[in-house]
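Reviewing the structure listed below.
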Amino acid sequence: MAYECQKSTEVSKSIANCVEKSNSNSEHFENSASPLDCYPSKEILSSLSSKQLLCHDVLLNCRRSITDLPPALISEILSCLDPQELGIVSCVSRVLNSLATENSVWKEVYSDRWGLPIVPSPLGAGVSNEKSWKELFVEREYRCKIFLSRYRIDTLHGHTEAVRTVSLLASAKLIFTSGYDMIVRMWDMEDGLYIASSRPLGCTIRAVAADMKLLVAGGTHGFIQGWRAVEGLKHLFDLKGSEVPNTEFRIWEHEGPITSLALDPTRIYSGSWDMSVRIWDRSSLECTKILRHGDWVWSLVPHDTTVASTSGSDVYVWDTNSGTLLTVIHSAHVGNTYSLARSHTGDFIFTGGEDGAMHMFEITGPKPEANVFKVATWMPHSGPVYSLAFEFPWLVSASSDGRLSLVDVRKLLRTNRSSLRKNVSRVTNVDCNNVEPPQRMLHGFGPNLFSVDVGADRIVCGGEEGVVRIWNFSDALERERTARAMRGIRLENRMRRRKLQIEMSSKGGRTDQCSVAAKKNPMHVDRSGVWRSKQGKLKA
């Protein structure tokens with residue numbers, strides 16, 4: 001948006017006129033003060049003519065601050081700052097504080113990191129829907145730090161064979177799992193209790209995806225099994241199909257096993273070993289686009305009007321509206337590129353491959369001419385990386401070596417959000433081969449961890465052992481909240497004691513004055529018991 005301040009334009013014109021008229025009186029100003037002096041003496045003001053006083057008033061009006069700009073323009077400027085800078089600006093004045101705490105600014109900051117929540121309460125139970133976006137951001141940012149704290153491991157038993165896929169629906173507090181036993185199971189995220197399971201679907205299930213309205217599972221026979229959410233049902237989906245009819249469906253078109261699934265508000269995305277990615281309309285369940293690849297498709301992640309997919313060792317980025325290929329990352333890994341994750345802004349892609357490496361790429365530039373840059377590389381695993389999950393700022397990986405790695409990517413991103421509106425790189429100058437190692441490694445499991453997901457203070461993983469493990473960090477969050485509350489109480493008590501001390505010192509001001517007078521006129525006593533002042537006079 002373009003803004004023009006009419007007053008500023010009039011002031012600049014008046015300054016030009018006043019400077020021309022003041023040339024004739026330059027000698028008078030030389031002896032008194034500079035023409036740009038904003039605080040001249042009374043003698044100078046009395047000797048100035050009315051025209052010169054007008055010029056002086058115009059010059060005084062030029063001393064303006066950013067708060068004199070239109071509020072809409074100030075909000076546009078503040079939207080280019082990061083959260084830390086917004087906090088600093090809000091301490092300058094009341095006007096900037098009100099503008100820096102606007103919901104629109106913090107809503108954009110929140111969505112850049114975690115995306116807009118699906119439900120009004122994105123942080124789970126106990127969070128008020130009336131909170132501002134700034135309060136939601138501070139709470140979510142605080143929760144991101146607990147992944148370096150203590151945790152509790154919950155183990156879910158029920159599958160009879162290896163678990164190939166897990167999906168965490170944090171907004172509904174549900175976990176969906178499936179694998180070689182051909183059954184989709186639903187679990188309660190809070191208690192870790194089994195809720196329901198589907199009938200055997202006839203083949204291995206390698207992919208599961210869910211949101212608040214739809215649950216889909218992909219089988220090795222090439223079909224997509226789906227369940228629509230049932231209104232009024234506590235756990236959303238009727239997996240057994242016994243309570244509400246016509247909520248289950250199955251669609252066919254793939255000619256090979258389905259390896260990956262994803263959902264957005266209007267589409268279903270499926271990738272298969274038939275070397276294609278298919279895009280389906282959610283309402284009609286018809287295939288609208290087919291994206292052909294040159295090798296097996298292992299993983300895919302959509303964002304807005306684009307979808308990223310891995311095929312063989314390459315990574316592709318497609319435009320979902322036109323079906324055109326935007327860019328290709330050739331030979332991203334030595335061997336197959338098994339796993340893929342993406343930031344909520346869609347600018348960063350994370351890949352994991354058969355070589356045990358993890359790469360971070362940045363996509364810049366307009367859609368027809370998108371450019372890709374490698375940002376960082378990690379080698380935390382000794383085996384293939386089968387699965388990746390990302391929730392700002394944590395990148396979580398699961399590998400065949402039986403370990404999970406947690407990488408904080410916050411330091412790799414430029415904090416200034418002004419470049420977010422431009423098609424330029426937002427990455428600091430770092431050596432992609434010389435970055436910090438993962439901040440945490442989780443050990444102690446069997447080999448071949450096939451799938452991982454992260455969200456709501458939890459990390460969920462499944463593997464060849466046939467069990468599902470949940471790393472629960474919510475206890476650490478409660479401990480941190482208690483510690484923060486205790487620090488607040490201590491600070492409040494300290495401020496109360498300081499206030500009482502100030503009140504006591506103000507009441508005892510007269511006593512202090514007497515003590516000062518005593519120091520100025522000290523009294524001395526000789527051996528005869530007679531008190532004498534400093535001047536030598538006797539005191540009674």
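Chain labels A, B, ... are given in the sequence in which chains occur in the structure tokens; within each chain residues are numbered consecutively from 1, and ligands are likewise numbered from 1 in the order shown.
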
I need the residues in region 262-452 of chain A that are helix (DSSP H, G or I) according to DSSP; give them as a count of residues only. 11

What's the 12 Å shell around Asp401 (chain A), counting only C-alpha atoms, without same-chain residues fewer than 4 positions away, as an MDAnalysis selection string? chainID A and resid 354 356 380:386 397 405 441:450 463:464

List the spatial neighbours of Thr320 (chain A) as a ChimeraX atom specification - criterion: any atom at most 6 Å away, only C-alpha atoms, same-chain residues fewer than 3 positions off excluded. /A:305-306,323

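Between Phe390 (chain A) and the residues A:Arg342, A:Lys240, A:Lys131, A:Arg282, the shortest atom-to-atom distance, using only C-alpha atoms, involves A:Arg342.
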
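Separating CA of Thr259 (chain A) from CA of Tyr180 (chain A) is a distance of 13.1 Å.
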
Can you list, as a ChimeraX atom specification, every protein, DNA or RNA residue that comes within 9 Å of region 159-171 of chain A when you count only C-alpha atoms, leaving out same-chain residues fewer than 5 positions away? /A:117-119,121-124,176-181,183,185,189,204-212,449-456,459-468

Since we have the selection now, will you write its residues out, keeping C-alpha atoms, as a PDB file, in the first residue's frame?
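In the end it all went to result-v7.pdb:
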ATOM      1  CA  PRO A 117      -5.132 -23.778  13.880  1.00  0.00           C
ATOM      2  CA  ILE A 118      -7.915 -25.999  12.628  1.00  0.00           C
ATOM      3  CA  VAL A 119     -10.001 -25.474  15.769  1.00  0.00           C
ATOM      4  CA  SER A 121      -8.293 -23.666  20.661  1.00  0.00           C
ATOM      5  CA  PRO A 122      -5.024 -24.741  19.024  1.00  0.00           C
ATOM      6  CA  LEU A 123      -3.223 -25.565  22.246  1.00  0.00           C
ATOM      7  CA  GLY A 124      -5.575 -28.165  23.635  1.00  0.00           C
ATOM      8  CA  PHE A 176      -3.956 -43.480  14.227  1.00  0.00           C
ATOM      9  CA  THR A 177      -1.639 -46.409  13.486  1.00  0.00           C
ATOM     10  CA  SER A 178      -1.459 -49.274  11.031  1.00  0.00           C
ATOM     11  CA  GLY A 179       0.976 -51.697   9.433  1.00  0.00           C
ATOM     12  CA  TYR A 180       1.478 -55.270   8.347  1.00  0.00           C
ATOM     13  CA  ASP A 181      -1.515 -56.568  10.323  1.00  0.00           C
ATOM     14  CA  ILE A 183      -5.852 -52.982  10.611  1.00  0.00           C
ATOM     15  CA  ARG A 185      -6.246 -48.605  15.069  1.00  0.00           C
ATOM     16  CA  MET A 189      -3.458 -39.415  22.954  1.00  0.00           C
ATOM     17  CA  THR A 204      -0.500 -53.940   4.344  1.00  0.00           C
ATOM     18  CA  ILE A 205      -1.328 -50.319   5.182  1.00  0.00           C
ATOM     19  CA  ARG A 206       1.719 -48.113   4.529  1.00  0.00           C
ATOM     20  CA  ALA A 207       0.165 -44.632   4.903  1.00  0.00           C
ATOM     21  CA  VAL A 208      -2.463 -42.950   7.106  1.00  0.00           C
ATOM     22  CA  ALA A 209      -3.583 -39.301   7.162  1.00  0.00           C
ATOM     23  CA  ALA A 210      -6.344 -37.596   9.150  1.00  0.00           C
ATOM     24  CA  ASP A 211      -7.918 -34.244   9.924  1.00  0.00           C
ATOM     25  CA  MET A 212     -11.099 -33.216  11.747  1.00  0.00           C
ATOM     26  CA  LEU A 449      11.696 -47.258  13.102  1.00  0.00           C
ATOM     27  CA  PHE A 450       9.380 -46.761  10.133  1.00  0.00           C
ATOM     28  CA  SER A 451       7.256 -43.720  11.018  1.00  0.00           C
ATOM     29  CA  VAL A 452       7.264 -40.707  13.353  1.00  0.00           C
ATOM     30  CA  ASP A 453       4.981 -37.752  14.037  1.00  0.00           C
ATOM     31  CA  VAL A 454       5.198 -34.783  16.408  1.00  0.00           C
ATOM     32  CA  GLY A 455       2.690 -32.422  18.018  1.00  0.00           C
ATOM     33  CA  ALA A 456       1.000 -31.364  21.263  1.00  0.00           C
ATOM     34  CA  ILE A 459       6.440 -37.556  19.738  1.00  0.00           C
ATOM     35  CA  VAL A 460       4.828 -40.748  18.386  1.00  0.00           C
ATOM     36  CA  CYS A 461       6.821 -43.502  16.683  1.00  0.00           C
ATOM     37  CA  GLY A 462       6.190 -46.995  15.325  1.00  0.00           C
ATOM     38  CA  GLY A 463       8.518 -49.667  14.031  1.00  0.00           C
ATOM     39  CA  GLU A 464       9.336 -53.285  13.433  1.00  0.00           C
ATOM     40  CA  GLU A 465       8.684 -54.292  17.056  1.00  0.00           C
ATOM     41  CA  GLY A 466       4.948 -53.922  16.515  1.00  0.00           C
ATOM     42  CA  VAL A 467       4.468 -51.418  19.354  1.00  0.00           C
ATOM     43  CA  VAL A 468       3.762 -47.680  19.328  1.00  0.00           C
TER      44      VAL A 468
END
